[in-house]
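Colleague: Okay, so here is input.tsv, and as you'll see once you scroll down, it has TSV, C-alpha atoms.
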```
chain	number	residue	atom	x	y	z
A	1160	MET	CA	0.00	0.00	0.00
A	1161	ARG	CA	2.77	2.38	0.92
A	1162	LYS	CA	4.49	1.62	-2.38
A	1163	LEU	CA	1.30	2.40	-4.38
A	1164	TRP	CA	0.83	5.69	-2.54
A	1165	LEU	CA	4.41	6.67	-3.30
A	1166	ILE	CA	3.94	5.90	-7.00
A	1167	PHE	CA	0.72	7.96	-7.07
A	1168	ALA	CA	2.35	10.93	-5.39
A	1169	GLN	CA	5.28	10.83	-7.78
A	1170	SER	CA	2.93	10.61	-10.80
A	1171	VAL	CA	0.90	13.63	-9.66
A	1172	THR	CA	4.08	15.64	-9.05
A	1173	VAL	CA	5.42	14.83	-12.54
A	1174	ALA	CA	2.04	15.66	-14.15
A	1175	MET	CA	1.82	19.01	-12.34
A	1176	ALA	CA	5.36	19.84	-13.37
A	1177	ALA	CA	4.63	18.95	-17.00
A	1178	LEU	CA	1.42	21.04	-16.94
A	1179	PHE	CA	3.33	24.03	-15.55
A	1180	VAL	CA	5.97	23.73	-18.27
A	1181	VAL	CA	3.33	23.50	-21.02
A	1182	MET	CA	1.33	26.49	-19.67
A	1183	THR	CA	4.49	28.56	-19.50
A	1184	LEU	CA	6.12	27.69	-22.81
A	1185	ASN	CA	3.30	26.65	-25.17
A	1186	PRO	CA	-0.19	27.38	-23.77
A	1187	GLU	CA	-1.95	26.90	-27.15
A	1188	LEU	CA	-1.51	23.14	-26.77
A	1189	LEU	CA	-4.13	23.31	-24.02
A	1190	GLY	CA	-6.81	24.43	-26.51
A	1191	SER	CA	-6.87	28.15	-25.57
A	1192	SER	CA	-6.04	30.54	-28.46
A	1193	SER	CA	-5.73	33.63	-26.28
A	1194	PRO	CA	-4.67	34.39	-22.73
A	1195	THR	CA	-7.27	35.01	-20.08
A	1196	THR	CA	-8.32	38.69	-19.89
A	1197	VAL	CA	-9.52	40.71	-16.94
A	1198	VAL	CA	-12.55	42.04	-18.88
A	1199	PRO	CA	-14.01	40.87	-22.19
A	1200	PHE	CA	-13.19	42.95	-25.27
A	1201	ARG	CA	-13.75	42.82	-29.01
A	1202	GLU	CA	-10.68	42.19	-31.13
A	1203	ALA	CA	-10.39	42.82	-34.85
A	1204	ALA	CA	-10.44	39.73	-36.98
A	1205	PRO	CA	-7.22	38.83	-38.80
A	1206	GLY	CA	-6.91	40.73	-42.06
A	1207	GLU	CA	-9.06	43.74	-41.08
A	1208	GLY	CA	-5.95	45.90	-40.83
A	1209	LYS	CA	-5.62	45.63	-44.59
A	1210	GLN	CA	-8.76	47.73	-45.01
A	1211	HIS	CA	-7.03	50.61	-43.25
A	1212	GLU	CA	-4.10	50.30	-45.63
A	1213	GLU	CA	-6.47	50.41	-48.59
A	1214	MET	CA	-8.28	53.46	-47.14
A	1215	ALA	CA	-4.97	55.26	-46.64
A	1216	SER	CA	-4.02	54.42	-50.19
A	1217	GLY	CA	-7.39	55.81	-51.30
A	1218	PHE	CA	-6.64	59.14	-49.61
A	1219	ARG	CA	-3.26	59.25	-51.32
A	1220	MET	CA	-4.92	58.74	-54.68
A	1221	ALA	CA	-7.53	61.42	-53.95
A	1222	VAL	CA	-4.93	63.91	-52.81
A	1223	GLY	CA	-2.67	63.05	-55.73
A	1224	LYS	CA	-5.57	63.73	-58.08
A	1225	ALA	CA	-6.70	67.05	-56.57
A	1226	LEU	CA	-3.59	68.62	-55.05
A	1227	PRO	CA	-1.82	69.65	-58.31
A	1228	ALA	CA	-4.86	71.78	-59.22
A	1229	VAL	CA	-4.76	73.76	-55.93
A	1230	VAL	CA	-2.56	76.86	-56.14
A	1231	HIS	CA	-1.16	79.46	-53.77
A	1232	ILE	CA	-2.26	83.04	-54.35
A	1233	PHE	CA	-0.08	85.95	-53.28
A	1234	THR	CA	-1.43	89.49	-53.45
A	1235	SER	CA	0.12	92.90	-52.87
A	1236	GLN	CA	-1.45	96.30	-52.42
A	1237	GLU	CA	0.22	99.69	-52.35
A	1238	VAL	CA	-0.91	101.59	-49.27
A	1239	ARG	CA	0.03	105.20	-48.62
A	1240	ALA	CA	0.35	106.07	-44.96
A	1241	GLN	CA	-1.68	108.94	-43.58
A	1242	ARG	CA	0.21	112.24	-43.84
A	1243	HIS	CA	1.41	113.60	-40.50
A	1244	PRO	CA	0.23	117.19	-39.72
A	1245	PHE	CA	3.82	118.35	-39.04
A	1246	LEU	CA	4.67	117.78	-42.70
A	1247	ASN	CA	2.44	120.72	-43.58
A	1248	ASP	CA	4.31	123.09	-41.22
A	1249	PRO	CA	6.73	125.28	-43.26
A	1250	VAL	CA	9.02	125.77	-40.22
A	1251	PHE	CA	9.33	121.99	-39.75
A	1252	ARG	CA	10.06	121.52	-43.47
A	1253	HIS	CA	12.61	124.38	-43.40
A	1254	PHE	CA	14.71	122.63	-40.75
A	1255	PHE	CA	14.17	118.99	-41.72
A	1256	GLY	CA	13.67	119.23	-45.48
A	1257	ASP	CA	11.17	117.51	-47.73
A	1258	ASN	CA	12.39	113.95	-47.23
A	1259	PHE	CA	9.63	113.18	-44.74
A	1260	ASP	CA	6.89	113.00	-47.33
A	1261	ASP	CA	4.71	109.97	-46.78
A	1262	MET	CA	6.12	107.02	-48.68
A	1263	PRO	CA	3.99	104.20	-50.02
A	1264	ARG	CA	4.28	100.77	-48.44
A	1265	GLN	CA	3.27	97.34	-49.67
A	1266	ASP	CA	0.68	95.22	-47.89
A	1267	SER	CA	0.70	91.56	-48.83
A	1268	GLY	CA	-1.81	88.77	-48.45
A	1269	LEU	CA	-2.13	85.12	-49.24
A	1270	GLY	CA	-4.75	82.55	-49.99
A	1271	SER	CA	-5.50	79.58	-52.18
A	1272	GLY	CA	-7.27	78.87	-55.45
A	1273	VAL	CA	-8.39	75.98	-57.63
A	1274	ILE	CA	-7.57	75.54	-61.31
A	1275	VAL	CA	-10.91	74.72	-62.92
A	1276	SER	CA	-9.81	74.71	-66.56
A	1277	ASP	CA	-6.62	73.96	-68.47
A	1278	GLN	CA	-7.31	77.23	-70.27
A	1279	GLY	CA	-6.02	79.04	-67.18
A	1280	TYR	CA	-9.15	79.82	-65.16
A	1281	ILE	CA	-8.79	79.74	-61.37
A	1282	LEU	CA	-11.63	79.87	-58.84
A	1283	THR	CA	-10.99	81.53	-55.47
A	1284	ASN	CA	-12.61	83.75	-52.85
A	1285	PHE	CA	-13.29	87.41	-53.51
A	1286	HIS	CA	-11.81	88.43	-50.15
A	1287	VAL	CA	-8.51	86.79	-51.15
A	1288	ILE	CA	-7.96	89.18	-54.07
A	1289	GLU	CA	-10.05	92.14	-52.88
A	1290	ALA	CA	-8.30	95.50	-53.52
A	1291	ALA	CA	-5.12	93.74	-54.72
A	1292	ASP	CA	-2.88	95.70	-57.10
A	1293	GLN	CA	-0.87	92.64	-58.11
A	1294	ILE	CA	-1.75	88.94	-57.98
A	1295	GLU	CA	0.77	86.14	-58.32
A	1296	VAL	CA	-0.10	82.46	-58.48
A	1297	ALA	CA	2.32	79.72	-57.42
A	1298	LEU	CA	1.60	76.43	-59.17
A	1299	SER	CA	2.23	73.02	-57.66
A	1300	ASP	CA	5.17	72.41	-60.01
A	1301	GLY	CA	7.00	75.49	-58.70
A	1302	ARG	CA	6.09	77.94	-61.47
A	1303	LYS	CA	4.98	81.45	-60.49
A	1304	VAL	CA	2.80	83.42	-62.90
A	1305	LYS	CA	0.96	86.74	-62.85
A	1306	ALA	CA	-2.83	86.55	-62.73
A	1307	ARG	CA	-5.60	88.93	-63.73
A	1308	VAL	CA	-9.11	89.15	-62.35
A	1309	VAL	CA	-11.76	88.00	-64.85
A	1310	GLY	CA	-14.60	89.00	-62.56
A	1311	SER	CA	-15.92	88.64	-59.03
A	1312	ASP	CA	-19.10	88.29	-57.04
A	1313	PRO	CA	-18.73	89.89	-53.59
A	1314	GLU	CA	-22.18	88.72	-52.48
A	1315	THR	CA	-21.12	85.07	-52.60
A	1316	ASP	CA	-17.42	85.79	-51.98
A	1317	LEU	CA	-16.25	84.22	-55.24
A	1318	ALA	CA	-13.81	85.44	-57.88
A	1319	VAL	CA	-12.36	84.06	-61.10
A	1320	LEU	CA	-8.72	84.64	-62.10
A	1321	HIS	CA	-6.89	83.86	-65.32
A	1322	VAL	CA	-3.25	82.94	-65.91
A	1323	ASN	CA	-1.30	82.37	-69.09
A	1324	ALA	CA	0.51	79.08	-68.62
A	1325	ASP	CA	0.85	75.75	-70.39
A	1326	LYS	CA	0.16	72.22	-69.18
A	1327	LEU	CA	-2.07	73.21	-66.29
A	1328	PRO	CA	-3.61	70.50	-64.12
A	1329	MET	CA	-7.33	70.94	-63.48
A	1330	ILE	CA	-9.71	69.81	-60.75
A	1331	THR	CA	-12.57	67.38	-61.37
A	1332	PHE	CA	-15.97	68.72	-60.32
A	1333	GLY	CA	-18.06	66.54	-58.07
A	1334	HIS	CA	-21.87	66.39	-57.79
A	1335	MET	CA	-23.58	67.96	-54.78
A	1336	GLU	CA	-26.48	65.54	-54.99
A	1337	SER	CA	-24.08	62.75	-54.03
A	1338	VAL	CA	-22.73	64.60	-50.97
A	1339	GLY	CA	-24.27	63.75	-47.59
A	1340	VAL	CA	-23.73	64.58	-43.95
A	1341	GLY	CA	-21.10	62.23	-42.54
A	1342	ASP	CA	-19.16	61.86	-45.79
A	1343	LEU	CA	-15.41	62.15	-45.51
A	1344	ALA	CA	-13.94	65.41	-46.84
A	1345	LEU	CA	-10.41	66.66	-47.46
A	1346	ALA	CA	-9.47	70.36	-47.32
A	1347	ILE	CA	-6.48	71.44	-49.43
A	1348	GLY	CA	-4.87	74.86	-49.23
A	1349	ASN	CA	-1.99	77.00	-47.97
A	1350	PRO	CA	-2.72	77.73	-44.29
A	1351	PHE	CA	-0.65	80.54	-42.74
A	1352	GLY	CA	1.60	80.38	-45.81
A	1353	VAL	CA	3.39	77.22	-44.62
A	1354	GLY	CA	2.81	75.46	-47.95
A	1355	GLN	CA	0.38	73.00	-49.45
A	1356	THR	CA	-1.48	71.20	-46.67
A	1357	VAL	CA	-4.20	68.56	-46.56
A	1358	THR	CA	-6.57	68.08	-43.62
A	1359	MET	CA	-9.32	65.51	-43.19
A	1360	GLY	CA	-12.78	65.65	-41.65
A	1361	ILE	CA	-16.38	64.98	-42.46
A	1362	VAL	CA	-19.27	66.92	-43.92
A	1363	SER	CA	-20.88	68.18	-40.72
A	1364	ALA	CA	-23.94	69.85	-42.26
A	1365	LEU	CA	-25.38	71.06	-45.56
A	1366	GLY	CA	-27.33	74.18	-46.50
A	1367	ARG	CA	-26.04	76.40	-43.69
A	1368	THR	CA	-27.54	79.92	-43.88
A	1369	HIS	CA	-28.14	82.90	-41.56
A	1370	LEU	CA	-24.44	83.11	-40.72
A	1371	GLY	CA	-24.00	86.74	-41.73
A	1372	ILE	CA	-20.96	85.92	-43.88
A	1373	ASN	CA	-22.35	86.55	-47.37
A	1374	THR	CA	-25.52	88.04	-48.81
A	1375	PHE	CA	-26.35	84.73	-50.48
A	1376	GLU	CA	-25.48	81.73	-48.30
A	1377	ASN	CA	-25.75	77.99	-48.75
A	1378	PHE	CA	-22.67	76.57	-47.05
A	1379	ILE	CA	-21.22	73.12	-46.53
A	1380	GLN	CA	-20.07	72.85	-42.91
A	1381	THR	CA	-17.04	70.66	-42.24
A	1382	ASP	CA	-14.70	69.90	-39.37
A	1383	ALA	CA	-11.71	69.48	-41.71
A	1384	ALA	CA	-9.26	72.09	-40.42
A	1385	ILE	CA	-9.53	75.37	-42.38
A	1386	ASN	CA	-7.15	78.13	-41.31
A	1387	PRO	CA	-6.16	81.59	-42.63
A	1388	GLY	CA	-4.60	81.01	-46.05
A	1389	ASN	CA	-6.95	78.11	-46.80
A	1390	SER	CA	-9.54	80.52	-48.20
A	1391	GLY	CA	-10.24	79.77	-51.85
A	1392	GLY	CA	-8.81	76.26	-51.58
A	1393	ALA	CA	-10.52	73.00	-52.40
A	1394	LEU	CA	-12.81	70.82	-50.35
A	1395	VAL	CA	-12.80	67.41	-52.05
A	1396	ASP	CA	-14.37	64.02	-51.49
A	1397	ILE	CA	-12.38	60.80	-51.07
A	1398	ASN	CA	-12.30	60.42	-54.85
A	1399	GLY	CA	-10.50	63.74	-55.21
A	1400	ASN	CA	-13.50	65.49	-56.77
A	1401	LEU	CA	-14.25	69.10	-55.88
A	1402	ILE	CA	-17.32	69.53	-53.66
A	1403	GLY	CA	-16.69	73.02	-52.27
A	1404	ILE	CA	-14.53	76.16	-52.10
A	1405	ASN	CA	-13.21	76.73	-48.57
A	1406	THR	CA	-14.38	80.17	-47.50
A	1407	ALA	CA	-14.71	80.89	-43.79
A	1408	ILE	CA	-14.35	79.53	-40.28
A	1409	TYR	CA	-16.02	80.11	-36.95
A	1410	SER	CA	-13.22	81.03	-34.59
A	1411	ARG	CA	-12.56	83.10	-31.48
A	1412	THR	CA	-8.79	82.84	-31.82
A	1413	GLY	CA	-8.18	82.99	-35.59
A	1414	GLY	CA	-7.40	79.27	-35.75
A	1415	SER	CA	-9.58	76.33	-36.63
A	1416	LEU	CA	-12.12	75.19	-34.03
A	1417	GLY	CA	-13.58	72.47	-36.21
A	1418	ILE	CA	-16.33	74.64	-37.74
A	1419	GLY	CA	-15.46	75.58	-41.29
A	1420	PHE	CA	-17.63	76.60	-44.22
A	1421	ALA	CA	-17.28	75.97	-47.94
A	1422	ILE	CA	-19.33	77.18	-50.90
A	1423	PRO	CA	-20.93	74.14	-52.60
A	1424	VAL	CA	-19.52	73.20	-55.99
A	1425	SER	CA	-22.96	73.56	-57.60
A	1426	SER	CA	-23.20	77.24	-56.61
A	1427	ALA	CA	-19.53	77.93	-57.32
A	1428	ARG	CA	-19.73	76.41	-60.80
A	1429	ALA	CA	-22.85	78.37	-61.80
A	1430	ILE	CA	-21.35	81.66	-60.62
A	1431	MET	CA	-17.98	80.90	-62.23
A	1432	GLU	CA	-19.58	80.16	-65.62
A	1433	GLU	CA	-21.60	83.39	-65.50
A	1434	ILE	CA	-18.53	85.44	-64.58
A	1435	ILE	CA	-16.51	83.92	-67.43
A	1436	ALA	CA	-19.36	84.45	-69.92
A	1437	LYS	CA	-20.55	87.92	-68.80
A	1438	GLY	CA	-17.86	89.30	-66.51
A	1439	GLN	CA	-20.35	89.55	-63.65
A	1440	VAL	CA	-23.29	87.81	-62.00
A	1441	ILE	CA	-26.65	89.24	-63.02
A	1442	ARG	CA	-29.47	88.89	-60.48
A	1443	GLY	CA	-33.01	90.07	-60.11
A	1444	TRP	CA	-33.89	92.94	-57.75
A	1445	ILE	CA	-37.04	94.74	-56.68
A	1446	GLY	CA	-35.64	97.32	-54.26
A	1447	VAL	CA	-36.88	96.35	-50.80
A	1448	GLU	CA	-35.35	95.97	-47.38
A	1449	ALA	CA	-36.70	92.91	-45.60
A	1450	GLN	CA	-36.87	91.88	-41.97
A	1451	GLU	CA	-37.28	88.44	-40.41
A	1452	LEU	CA	-40.68	87.65	-38.95
A	1453	THR	CA	-40.34	86.82	-35.26
A	1454	PRO	CA	-43.10	84.96	-33.41
A	1455	GLU	CA	-44.09	88.26	-31.79
A	1456	LEU	CA	-44.33	90.04	-35.16
A	1457	ALA	CA	-46.26	87.13	-36.67
A	1458	GLU	CA	-48.75	87.27	-33.80
A	1459	SER	CA	-49.17	91.04	-34.20
A	1460	PHE	CA	-49.96	90.56	-37.90
A	1461	SER	CA	-52.35	87.67	-37.12
A	1462	LEU	CA	-50.19	85.16	-39.00
A	1463	ALA	CA	-50.33	81.45	-38.25
A	1464	SER	CA	-46.55	81.03	-38.69
A	1465	THR	CA	-43.34	83.00	-39.15
A	1466	ASP	CA	-43.16	82.17	-42.85
A	1467	GLY	CA	-42.68	85.24	-45.01
A	1468	ALA	CA	-40.61	88.42	-44.94
A	1469	LEU	CA	-41.64	91.79	-43.51
A	1470	ILE	CA	-41.00	94.66	-45.93
A	1471	ALA	CA	-39.23	97.19	-43.70
A	1472	GLY	CA	-38.26	99.64	-46.44
A	1473	VAL	CA	-38.79	100.32	-50.13
A	1474	VAL	CA	-36.25	101.97	-52.45
A	1475	ARG	CA	-37.69	105.16	-53.94
A	1476	GLY	CA	-38.26	104.74	-57.66
A	1477	GLY	CA	-37.44	101.01	-57.50
A	1478	PRO	CA	-39.50	98.22	-59.06
A	1479	ALA	CA	-41.34	97.43	-55.82
A	1480	GLU	CA	-42.41	101.04	-55.20
A	1481	MET	CA	-43.51	101.39	-58.84
A	1482	ALA	CA	-45.76	98.33	-58.33
A	1483	GLY	CA	-47.31	99.73	-55.13
A	1484	VAL	CA	-45.41	97.74	-52.50
A	1485	ARG	CA	-45.31	99.61	-49.18
A	1486	PRO	CA	-43.39	99.27	-45.90
A	1487	GLY	CA	-45.36	97.02	-43.56
A	1488	ASP	CA	-46.39	94.60	-46.30
A	1489	ILE	CA	-45.49	90.96	-45.72
A	1490	LEU	CA	-44.15	89.03	-48.70
A	1491	LEU	CA	-45.63	85.54	-48.62
A	1492	ALA	CA	-44.75	84.06	-52.02
A	1493	VAL	CA	-42.73	84.77	-55.17
A	1494	ASN	CA	-44.09	83.38	-58.42
A	1495	GLY	CA	-46.22	80.91	-56.48
A	1496	LYS	CA	-43.38	79.64	-54.24
A	1497	ILE	CA	-43.77	80.12	-50.50
A	1498	VAL	CA	-41.20	82.43	-48.89
A	1499	GLN	CA	-40.03	81.14	-45.52
A	1500	ASP	CA	-37.52	83.86	-44.57
A	1501	THR	CA	-35.53	86.80	-45.92
A	1502	TYR	CA	-32.70	84.61	-47.25
A	1503	GLN	CA	-35.12	82.55	-49.28
A	1504	MET	CA	-36.79	85.74	-50.49
A	1505	LEU	CA	-33.47	87.21	-51.69
A	1506	ASP	CA	-32.55	83.97	-53.42
A	1507	ALA	CA	-35.94	83.63	-55.13
A	1508	ILE	CA	-35.82	87.20	-56.45
A	1509	ALA	CA	-32.18	86.91	-57.50
A	1510	ARG	CA	-33.02	83.93	-59.71
A	1511	ILE	CA	-35.53	85.96	-61.74
A	1512	LYS	CA	-34.21	87.37	-65.00
A	1513	PRO	CA	-34.22	91.19	-64.98
A	1514	GLY	CA	-37.05	92.56	-67.09
A	1515	GLU	CA	-39.47	89.73	-66.32
A	1516	GLU	CA	-42.83	90.45	-64.67
A	1517	THR	CA	-43.44	88.22	-61.68
A	1518	LEU	CA	-46.35	87.76	-59.27
A	1519	PHE	CA	-45.67	88.56	-55.60
A	1520	ARG	CA	-48.22	87.59	-52.96
A	1521	LEU	CA	-48.46	90.14	-50.14
A	1522	LYS	CA	-50.25	90.20	-46.78
A	1523	ARG	CA	-51.74	93.57	-45.90
A	1524	SER	CA	-54.18	94.86	-43.34
A	1525	SER	CA	-56.85	94.70	-46.01
A	1526	GLY	CA	-56.11	91.07	-46.76
A	1527	THR	CA	-53.96	89.08	-49.17
A	1528	GLU	CA	-53.12	90.61	-52.55
A	1529	GLU	CA	-51.08	89.61	-55.59
A	1530	VAL	CA	-48.93	92.29	-57.16
A	1531	LYS	CA	-47.14	92.03	-60.50
A	1532	ILE	CA	-43.62	93.51	-60.38
A	1533	LYS	CA	-41.28	94.07	-63.30
A	1534	VAL	CA	-38.00	92.83	-61.80
A	1535	GLY	CA	-34.92	95.01	-62.24
A	1536	GLN	CA	-31.20	94.17	-62.15
A	1537	ARG	CA	-29.59	93.95	-58.74
A	1538	PRO	CA	-26.94	96.67	-58.37
A	1539	THR	CA	-23.41	95.75	-57.38
A	1540	MET	CA	-23.20	95.58	-53.62
A	1541	LYS	CA	-20.16	96.33	-51.52
A	1542	ARG	CA	-18.96	93.46	-49.44
A	1543	ARG	CA	-19.46	93.39	-45.67
A	1544	LEU	CA	-16.16	92.62	-43.99
A	1545	VAL	CA	-16.27	89.77	-41.49
A	1546	ASN	CA	-13.61	87.86	-39.57
A	1547	ARG	CA	-12.18	84.80	-41.26
```
Please, can you express the file's structure as structure tokens?
Modeller:
Amino acid sequence: MRKLWLIFAQSVTVAMAALFVVMTLNPELLGSSSPTTVVPFREAAPGEGKQHEEMASGFRMAVGKALPAVVHIFTSQEVRAQRHPFLNDPVFRHFFGDNFDDMPRQDSGLGSGVIVSDQGYILTNFHVIEAADQIEVALSDGRKVKARVVGSDPETDLAVLHVNADKLPMITFGHMESVGVGDLALAIGNPFGVGQTVTMGIVSALGRTHLGINTFENFIQTDAAINPGNSGGALVDINGNLIGINTAIYSRTGGSLGIGFAIPVSSARAIMEEIIAKGQVIRGWIGVEAQELTPELAESFSLASTDGALIAGVVRGGPAEMAGVRPGDILLAVNGKIVQDTYQMLDAIARIKPGEETLFRLKRSSGTEEVKIKVGQRPTMKRRLVNR
């Protein structure tokens, strides 16, 4: 009996030792493919990392396709300093001479642009080239060429330049109907003048208005970093197709806070084509100043909703006054289309060809009336300066 017990004890000891060796050196032999974890977690299946490599490669292809068509824009403006009053004093000039006359100085600026045609047309922001005396464009291949302004549209902050150069790369236009919130987006430009830079984000929102940036607004919002110098650059999708022109940011510091705005490619293309064809953008105009309808105003006018635009002022001798429109009228519809707010009103009128007679539905104290107005041409408006 003693001998059997001794054999059993020795067998158990050897087995435990063998188990310890196996667990230490080769635990997979015990049928467990992974070590015990403290908490359960989800691990990527083998081969999923390859998708990330393919996605990165996709970004490289998109950037490689779009980046050559994005240019740097350098502007200069001659500014004459304000004349000091002492320079008008004959005694001062007698002792110190005439060498203190105010001398001109050069102010410089920078931005970005997008080559939209191999014929030399470049799309950028109006505020990039506003008041510039000289414009120079640096191409991606290192060439620097002088540019001239073909035309501009301050009310949408767009401008078209032209350069004389050969073998120009050109961007591919995307389709806005295929752009959705959550889509990946790449911003390409020259932030702070450091050189060509690409940032990535998503399309955060579409159709942003009421921002007070431009007269006519319909922005793409993105969190792709847009900084000073990016203005006029390209916002592209992951196929490298242009979906917007980077225009403005919301910022309290001057740097990107993840809220950037781009003009949709559909709007930019239509305005660009009109500028190239006519030298300017022609819009309809009736000569009124409109005000948003607040809930309090709507209640005071016995309106069921805040749809519409309150006519706060009428330009003397303008189309609206000639048709009998008066301050205090509420514009409800243009050519049968309901007007929801002042931005929609401006856009609806702007789309009408000057010279056309159009029906406007108005709410007055006497009731609802329809007035026929012969639409005029919108005069060129000066741009409101805002922080970018």
Colleague: Please compute the atom CA of Leu1505 of chain A-atom CA of Leu1317 of chain A distance, one decimal, in Å.
Modeller: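 Separating atom CA of Leu1505 of chain A from atom CA of Leu1317 of chain A is a distance of 17.8 Å.
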Colleague: When you look at Ser1337 of chain A with a cut-off of 12 Å (counting only C-alpha atoms), what residues show up, excluding the ones that are within fewer than 6 positions of it in the same chain? I need them as a CSV table (one decimal) with C-alpha atoms, in the frame of the given file.
Modeller:
```csv
chain,number,residue,atom,x,y,z
A,1362,VAL,CA,-19.3,66.9,-43.9
A,1365,LEU,CA,-25.4,71.1,-45.6
A,1396,ASP,CA,-14.4,64.0,-51.5
A,1400,ASN,CA,-13.5,65.5,-56.8
A,1401,LEU,CA,-14.2,69.1,-55.9
A,1402,ILE,CA,-17.3,69.5,-53.7
A,1423,PRO,CA,-20.9,74.1,-52.6
A,1424,VAL,CA,-19.5,73.2,-56.0
A,1425,SER,CA,-23.0,73.6,-57.6
```
Colleague: Residues near segment 1222-1225 of chain A, anyone? I mean within 10 Å using all atoms listed in the file, not counting same-chain ones fewer than 2 positions away, as a ChimeraX atom specification.
Modeller: /A:1216-1220,1227-1229,1273-1274,1328-1331,1345-1347,1357,1393-1401
Colleague: Include C-alpha atoms and write out the residues we just selected as a PDB file, in the frame of the given file.
Modeller:
```pdb
ATOM      1  CA  SER A1216      -4.020  54.420 -50.190  1.00  0.00           C
ATOM      2  CA  GLY A1217      -7.390  55.810 -51.300  1.00  0.00           C
ATOM      3  CA  PHE A1218      -6.640  59.140 -49.610  1.00  0.00           C
ATOM      4  CA  ARG A1219      -3.260  59.250 -51.320  1.00  0.00           C
ATOM      5  CA  MET A1220      -4.920  58.740 -54.680  1.00  0.00           C
ATOM      6  CA  PRO A1227      -1.820  69.650 -58.310  1.00  0.00           C
ATOM      7  CA  ALA A1228      -4.860  71.780 -59.220  1.00  0.00           C
ATOM      8  CA  VAL A1229      -4.760  73.760 -55.930  1.00  0.00           C
ATOM      9  CA  VAL A1273      -8.390  75.980 -57.630  1.00  0.00           C
ATOM     10  CA  ILE A1274      -7.570  75.540 -61.310  1.00  0.00           C
ATOM     11  CA  PRO A1328      -3.610  70.500 -64.120  1.00  0.00           C
ATOM     12  CA  MET A1329      -7.330  70.940 -63.480  1.00  0.00           C
ATOM     13  CA  ILE A1330      -9.710  69.810 -60.750  1.00  0.00           C
ATOM     14  CA  THR A1331     -12.570  67.380 -61.370  1.00  0.00           C
ATOM     15  CA  LEU A1345     -10.410  66.660 -47.460  1.00  0.00           C
ATOM     16  CA  ALA A1346      -9.470  70.360 -47.320  1.00  0.00           C
ATOM     17  CA  ILE A1347      -6.480  71.440 -49.430  1.00  0.00           C
ATOM     18  CA  VAL A1357      -4.200  68.560 -46.560  1.00  0.00           C
ATOM     19  CA  ALA A1393     -10.520  73.000 -52.400  1.00  0.00           C
ATOM     20  CA  LEU A1394     -12.810  70.820 -50.350  1.00  0.00           C
ATOM     21  CA  VAL A1395     -12.800  67.410 -52.050  1.00  0.00           C
ATOM     22  CA  ASP A1396     -14.370  64.020 -51.490  1.00  0.00           C
ATOM     23  CA  ILE A1397     -12.380  60.800 -51.070  1.00  0.00           C
ATOM     24  CA  ASN A1398     -12.300  60.420 -54.850  1.00  0.00           C
ATOM     25  CA  GLY A1399     -10.500  63.740 -55.210  1.00  0.00           C
ATOM     26  CA  ASN A1400     -13.500  65.490 -56.770  1.00  0.00           C
ATOM     27  CA  LEU A1401     -14.250  69.100 -55.880  1.00  0.00           C
TER      28      LEU A1401
END
```
Colleague: Quick one: residues within 6 Å of Ile1361 of chain A, all atoms listed in the file counted, chain neighbours fewer than 2 positions away excluded, as an MDAnalysis selection string?
Modeller: chainID A and resid 1341:1344 1363 1381
Colleague: Set the distance at 6 Å and use only C-alpha atoms: which residues neighbour Gly1272 of chain A once local chain neighbours fewer than 4 positions away are removed? I'd like the list as a list in words.
Modeller: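 The residues satisfying every condition are Val1229, Val1230, Leu1282, Thr1283, Gly1391 and Gly1392 of chain A.
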Colleague: As JSON, numbers by chain, please: the residues near Lys1437 of chain A (cut-off 12 Å, all atoms listed in the file, same-chain neighbours under 4 positions excluded).
Modeller: {"A": [1309, 1310, 1311, 1312, 1319, 1430, 1431, 1432, 1433, 1441]}
Colleague: Check the smallest atom-to-atom distance from each of A:Ala1318, A:Gly1348, A:Ile1422, A:Ile1489 to Gly1526 of chain A using all atoms listed in the file, then report the winner.
Modeller: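 Of A:Ala1318, A:Gly1348, A:Ile1422, A:Ile1489, the one nearest Gly1526 of chain A is A:Ile1489, counting all atoms listed in the file.
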Colleague: Per residue of segment 1507-1539 of chain A within 12 Å of segment 1446-1461 of chain A, note the shortest atom pair and the distance in Å to one decimal, counting all atoms listed in the file, and order the rows by chain and increasing residue number, as a Markdown table.
Modeller:
```
| residue | atom | partner | partner_atom | distance |
| --- | --- | --- | --- | --- |
| A:Ile1508 | CA | A:Gly1446 | CA | 10.4 |
| A:Ala1509 | CA | A:Gly1446 | CA | 11.4 |
| A:Lys1522 | CA | A:Phe1460 | CA | 8.9 |
| A:Arg1523 | CA | A:Phe1460 | CA | 8.7 |
| A:Ser1524 | CA | A:Phe1460 | CA | 8.1 |
| A:Ser1525 | CA | A:Phe1460 | CA | 11.4 |
| A:Gly1526 | CA | A:Phe1460 | CA | 10.8 |
| A:Ile1532 | CA | A:Gly1446 | CA | 10.8 |
| A:Lys1533 | CA | A:Gly1446 | CA | 11.1 |
| A:Val1534 | CA | A:Gly1446 | CA | 9.1 |
| A:Gly1535 | CA | A:Gly1446 | CA | 8.3 |
| A:Gln1536 | CA | A:Gly1446 | CA | 9.6 |
| A:Arg1537 | CA | A:Gly1446 | CA | 8.2 |
| A:Pro1538 | CA | A:Gly1446 | CA | 9.6 |
```
Colleague: Pick the closest to Gly1301 of chain A from A:His1231, A:Asn1377, A:Met1175, A:Val1484: which is it, counting all atoms listed in the file?
Modeller: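 Of A:His1231, A:Asn1377, A:Met1175, A:Val1484, the one nearest Gly1301 of chain A, counting all atoms listed in the file, is A:His1231.
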Colleague: Can you tell me how far atom CA of Phe1351 of chain A sits from atom CA of Thr1315 of chain A, in Å to one decimal?
Modeller: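 Atom CA of Thr1315 of chain A lies 23.2 Å from atom CA of Phe1351 of chain A.
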